[in-house]
Amino acid sequence: MKKTLRSIVLIMACLLMLTAFVSCTKSAESVKAKAEKEGYKCTSASAEEVKAISEKQGVTVTDRLTIMDEATGKTVNVYFFDSTRAAKDMRVSLEDSVKNLAGFEASGITVERKGKSVIIGNVDMIDKIW
């Protein structure tokens with residue numbers, strides 16, 4: 001009886017840990033819902049656009065959202081990937097590209113990686129939607 005109870009407790013603990021690790025990454029739908037709740041306009045990239053981005057960057061992009069504050073004209077792009085490694089590579093690539101832009105520091109644009117996602121855009125908007 002003790003062995004059975006111990007096994008059940010161990011299995012339940014493993015399932016709880018697995019659930020905690022799996023739920024760390026936000027989906028495109030949850031980010032879109034939060035952004036729309038904040039009053040931003042969201043558009044998803046078409047399958048062709050996602051495929052083109054994947055081919056150009058050399059990583060697998062699963063989705064891309066463009067979130068816009070129509071009042072100020074500020075935007076945020078969120079790229080979703082199939083792996084954390086792809087997200088890390090894309091963050092480095094985007095960060096290098098953005099740093100080459102004139103007036104980068106004064107513009108309030110940042111590049112952040114959150115799990116399997118990379119976000120580029122206005123810092124204040126990122127804080128509100130994430």
# chains A, B, ... in the order shown; residues from 1 in each chain; ligands from 1
>>> select_by_dssp(residues="stretch 8-92 of chain A", states="alpha helix (DSSP H)", output="ChimeraX atom specification")
/A:8-22,28-37,47-57,84-92
>>> closest_atom_pairs(of="stretch 65-90 of chain A", to="stretch 31-52 of chain A", cutoff="6 Å", atoms="only C-alpha atoms", output="CSV")
residue,atom,partner,partner_atom,distance
A:Leu65,CA,A:Ser44,CA,4.6
A:Thr66,CA,A:Thr43,CA,5.3
A:Ile67,CA,A:Cys42,CA,4.5
A:Met68,CA,A:Lys41,CA,5.2
A:Asp69,CA,A:Tyr40,CA,5.0
>>> write_last_selection(atoms="N, CA, C and O atoms", output="short mmCIF file (atom, residue, chain, number, x, y, z; two decimals), in the first residue's frame")
data_model
loop_
_atom_site.label_atom_id
_atom_site.label_comp_id
_atom_site.auth_asym_id
_atom_site.auth_seq_id
_atom_site.Cartn_x
_atom_site.Cartn_y
_atom_site.Cartn_z
N LEU A 65 2.31 38.67 -35.22
CA LEU A 65 1.25 39.64 -34.95
C LEU A 65 1.82 41.04 -35.08
O LEU A 65 2.93 41.31 -34.65
N THR A 66 1.04 41.94 -35.67
CA THR A 66 1.36 43.35 -35.68
C THR A 66 0.30 44.03 -34.82
O THR A 66 -0.90 43.92 -35.09
N ILE A 67 0.74 44.71 -33.79
CA ILE A 67 -0.16 45.37 -32.84
C ILE A 67 0.08 46.86 -32.96
O ILE A 67 1.21 47.32 -32.85
N MET A 68 -1.01 47.62 -33.19
CA MET A 68 -0.87 49.05 -33.44
C MET A 68 -1.76 49.87 -32.50
O MET A 68 -2.91 49.53 -32.27
N ASP A 69 -1.17 50.94 -31.99
CA ASP A 69 -1.93 51.92 -31.22
C ASP A 69 -2.35 52.99 -32.22
O ASP A 69 -1.52 53.81 -32.64
#
>>> residues_around(residues="A:Asp124", least_positions_apart="4", cutoff="12 Å", atoms="only C-alpha atoms", output="mmCIF file with N, CA and C atoms, in the first residue's frame")
data_model
loop_
_atom_site.group_PDB
_atom_site.id
_atom_site.type_symbol
_atom_site.label_atom_id
_atom_site.label_comp_id
_atom_site.auth_asym_id
_atom_site.auth_seq_id
_atom_site.Cartn_x
_atom_site.Cartn_y
_atom_site.Cartn_z
ATOM 1 N N GLU A 38 -6.573 45.998 -24.359
ATOM 2 C CA GLU A 38 -5.917 47.284 -24.088
ATOM 3 C C GLU A 38 -6.318 48.369 -25.095
ATOM 4 N N ASP A 69 -1.175 50.937 -31.987
ATOM 5 C CA ASP A 69 -1.931 51.920 -31.221
ATOM 6 C C ASP A 69 -2.345 52.993 -32.223
ATOM 7 N N THR A 72 -1.600 56.820 -31.413
ATOM 8 C CA THR A 72 -0.237 57.360 -31.486
ATOM 9 C C THR A 72 0.533 56.903 -32.718
ATOM 10 N N LYS A 74 2.106 54.084 -32.900
ATOM 11 C CA LYS A 74 3.178 53.190 -32.469
ATOM 12 C C LYS A 74 2.783 51.737 -32.726
ATOM 13 N N THR A 75 3.786 50.913 -33.061
ATOM 14 C CA THR A 75 3.505 49.511 -33.352
ATOM 15 C C THR A 75 4.459 48.582 -32.605
ATOM 16 N N VAL A 76 4.008 47.355 -32.494
ATOM 17 C CA VAL A 76 4.796 46.261 -31.932
ATOM 18 C C VAL A 76 4.584 45.058 -32.842
ATOM 19 N N SER A 107 14.209 56.555 -30.071
ATOM 20 C CA SER A 107 12.894 56.164 -30.581
ATOM 21 C C SER A 107 12.068 55.355 -29.596
ATOM 22 N N GLY A 108 12.661 54.793 -28.564
ATOM 23 C CA GLY A 108 11.914 53.993 -27.598
ATOM 24 C C GLY A 108 11.602 52.597 -28.104
ATOM 25 N N ILE A 109 12.331 52.126 -29.103
ATOM 26 C CA ILE A 109 12.126 50.795 -29.665
ATOM 27 C C ILE A 109 13.064 49.825 -28.963
ATOM 28 N N THR A 110 12.543 48.646 -28.660
ATOM 29 C CA THR A 110 13.348 47.615 -28.028
ATOM 30 C C THR A 110 13.074 46.272 -28.690
ATOM 31 N N ILE A 120 9.364 43.197 -30.952
ATOM 32 C CA ILE A 120 10.106 44.393 -31.352
ATOM 33 C C ILE A 120 9.118 45.546 -31.439
ATOM 34 N N LYS A 128 2.459 46.687 -21.569
ATOM 35 C CA LYS A 128 1.004 46.570 -21.417
ATOM 36 C C LYS A 128 0.457 45.252 -21.956
ATOM 37 N N ILE A 129 1.018 44.771 -23.066
ATOM 38 C CA ILE A 129 0.438 43.564 -23.668
ATOM 39 C C ILE A 129 1.050 42.274 -23.158
ATOM 40 N N TRP A 130 2.201 42.339 -22.541
ATOM 41 C CA TRP A 130 2.839 41.100 -22.090
ATOM 42 C C TRP A 130 2.610 40.950 -20.629
#
>>> atom_distance(atom1="atom CA of A:Leu101", atom2="atom CA of A:Glu55")
23.1 Å
>>> select_by_dssp(residues="chain A", states="strand (DSSP E or B)", output="ChimeraX atom specification")
/A:41-44,61-69,74-81,109-114,117-122
>>> residues_around(residues="A:Ser117", least_positions_apart="6", cutoff="8 Å", atoms="only C-alpha atoms", output="list in words")
Thr25, Val78, Tyr79, Phe80, Phe81, Thr84 and Ala87 of chain A
>>> write_last_selection(atoms="N, CA and C atoms", output="PDB file, in the first residue's frame")
ATOM      1  N   THR A  25       4.955  29.629 -22.122  1.00  0.00           N
ATOM      2  CA  THR A  25       4.947  30.398 -23.356  1.00  0.00           C
ATOM      3  C   THR A  25       3.534  30.846 -23.694  1.00  0.00           C
ATOM      4  N   VAL A  78       5.216  40.942 -32.990  1.00  0.00           N
ATOM      5  CA  VAL A  78       5.519  39.778 -32.164  1.00  0.00           C
ATOM      6  C   VAL A  78       5.682  38.586 -33.092  1.00  0.00           C
ATOM      7  N   TYR A  79       6.842  37.942 -33.025  1.00  0.00           N
ATOM      8  CA  TYR A  79       7.142  36.759 -33.817  1.00  0.00           C
ATOM      9  C   TYR A  79       7.113  35.548 -32.897  1.00  0.00           C
ATOM     10  N   PHE A  80       6.427  34.496 -33.321  1.00  0.00           N
ATOM     11  CA  PHE A  80       6.330  33.258 -32.551  1.00  0.00           C
ATOM     12  C   PHE A  80       7.100  32.167 -33.288  1.00  0.00           C
ATOM     13  N   PHE A  81       7.857  31.362 -32.535  1.00  0.00           N
ATOM     14  CA  PHE A  81       8.731  30.346 -33.113  1.00  0.00           C
ATOM     15  C   PHE A  81       8.407  28.964 -32.560  1.00  0.00           C
ATOM     16  N   THR A  84      12.899  27.667 -28.692  1.00  0.00           N
ATOM     17  CA  THR A  84      13.556  28.768 -27.994  1.00  0.00           C
ATOM     18  C   THR A  84      14.844  29.161 -28.712  1.00  0.00           C
ATOM     19  N   ALA A  87      14.085  31.499 -31.471  1.00  0.00           N
ATOM     20  CA  ALA A  87      13.746  32.819 -30.931  1.00  0.00           C
ATOM     21  C   ALA A  87      15.006  33.573 -30.515  1.00  0.00           C
TER      22      ALA A  87
END
>>> closest_residue(among="A:Ser30, A:Lys116, A:Lys2, A:Ile8", to="A:Val59", atoms="only C-alpha atoms")
A:Lys116
>>> atom_distance(atom1="atom CA of A:Ser27", atom2="atom CA of A:Ala71")
25.8 Å
>>> residues_around(residues="A:Arg91", least_positions_apart="2", cutoff="10 Å", atoms="only C-alpha atoms", output="ChimeraX atom specification")
/A:79,85-89,93-97,111-114,117-120
>>> atom_distance(atom1="atom CA of A:Val61", atom2="atom CA of A:Gly73")
25.4 Å
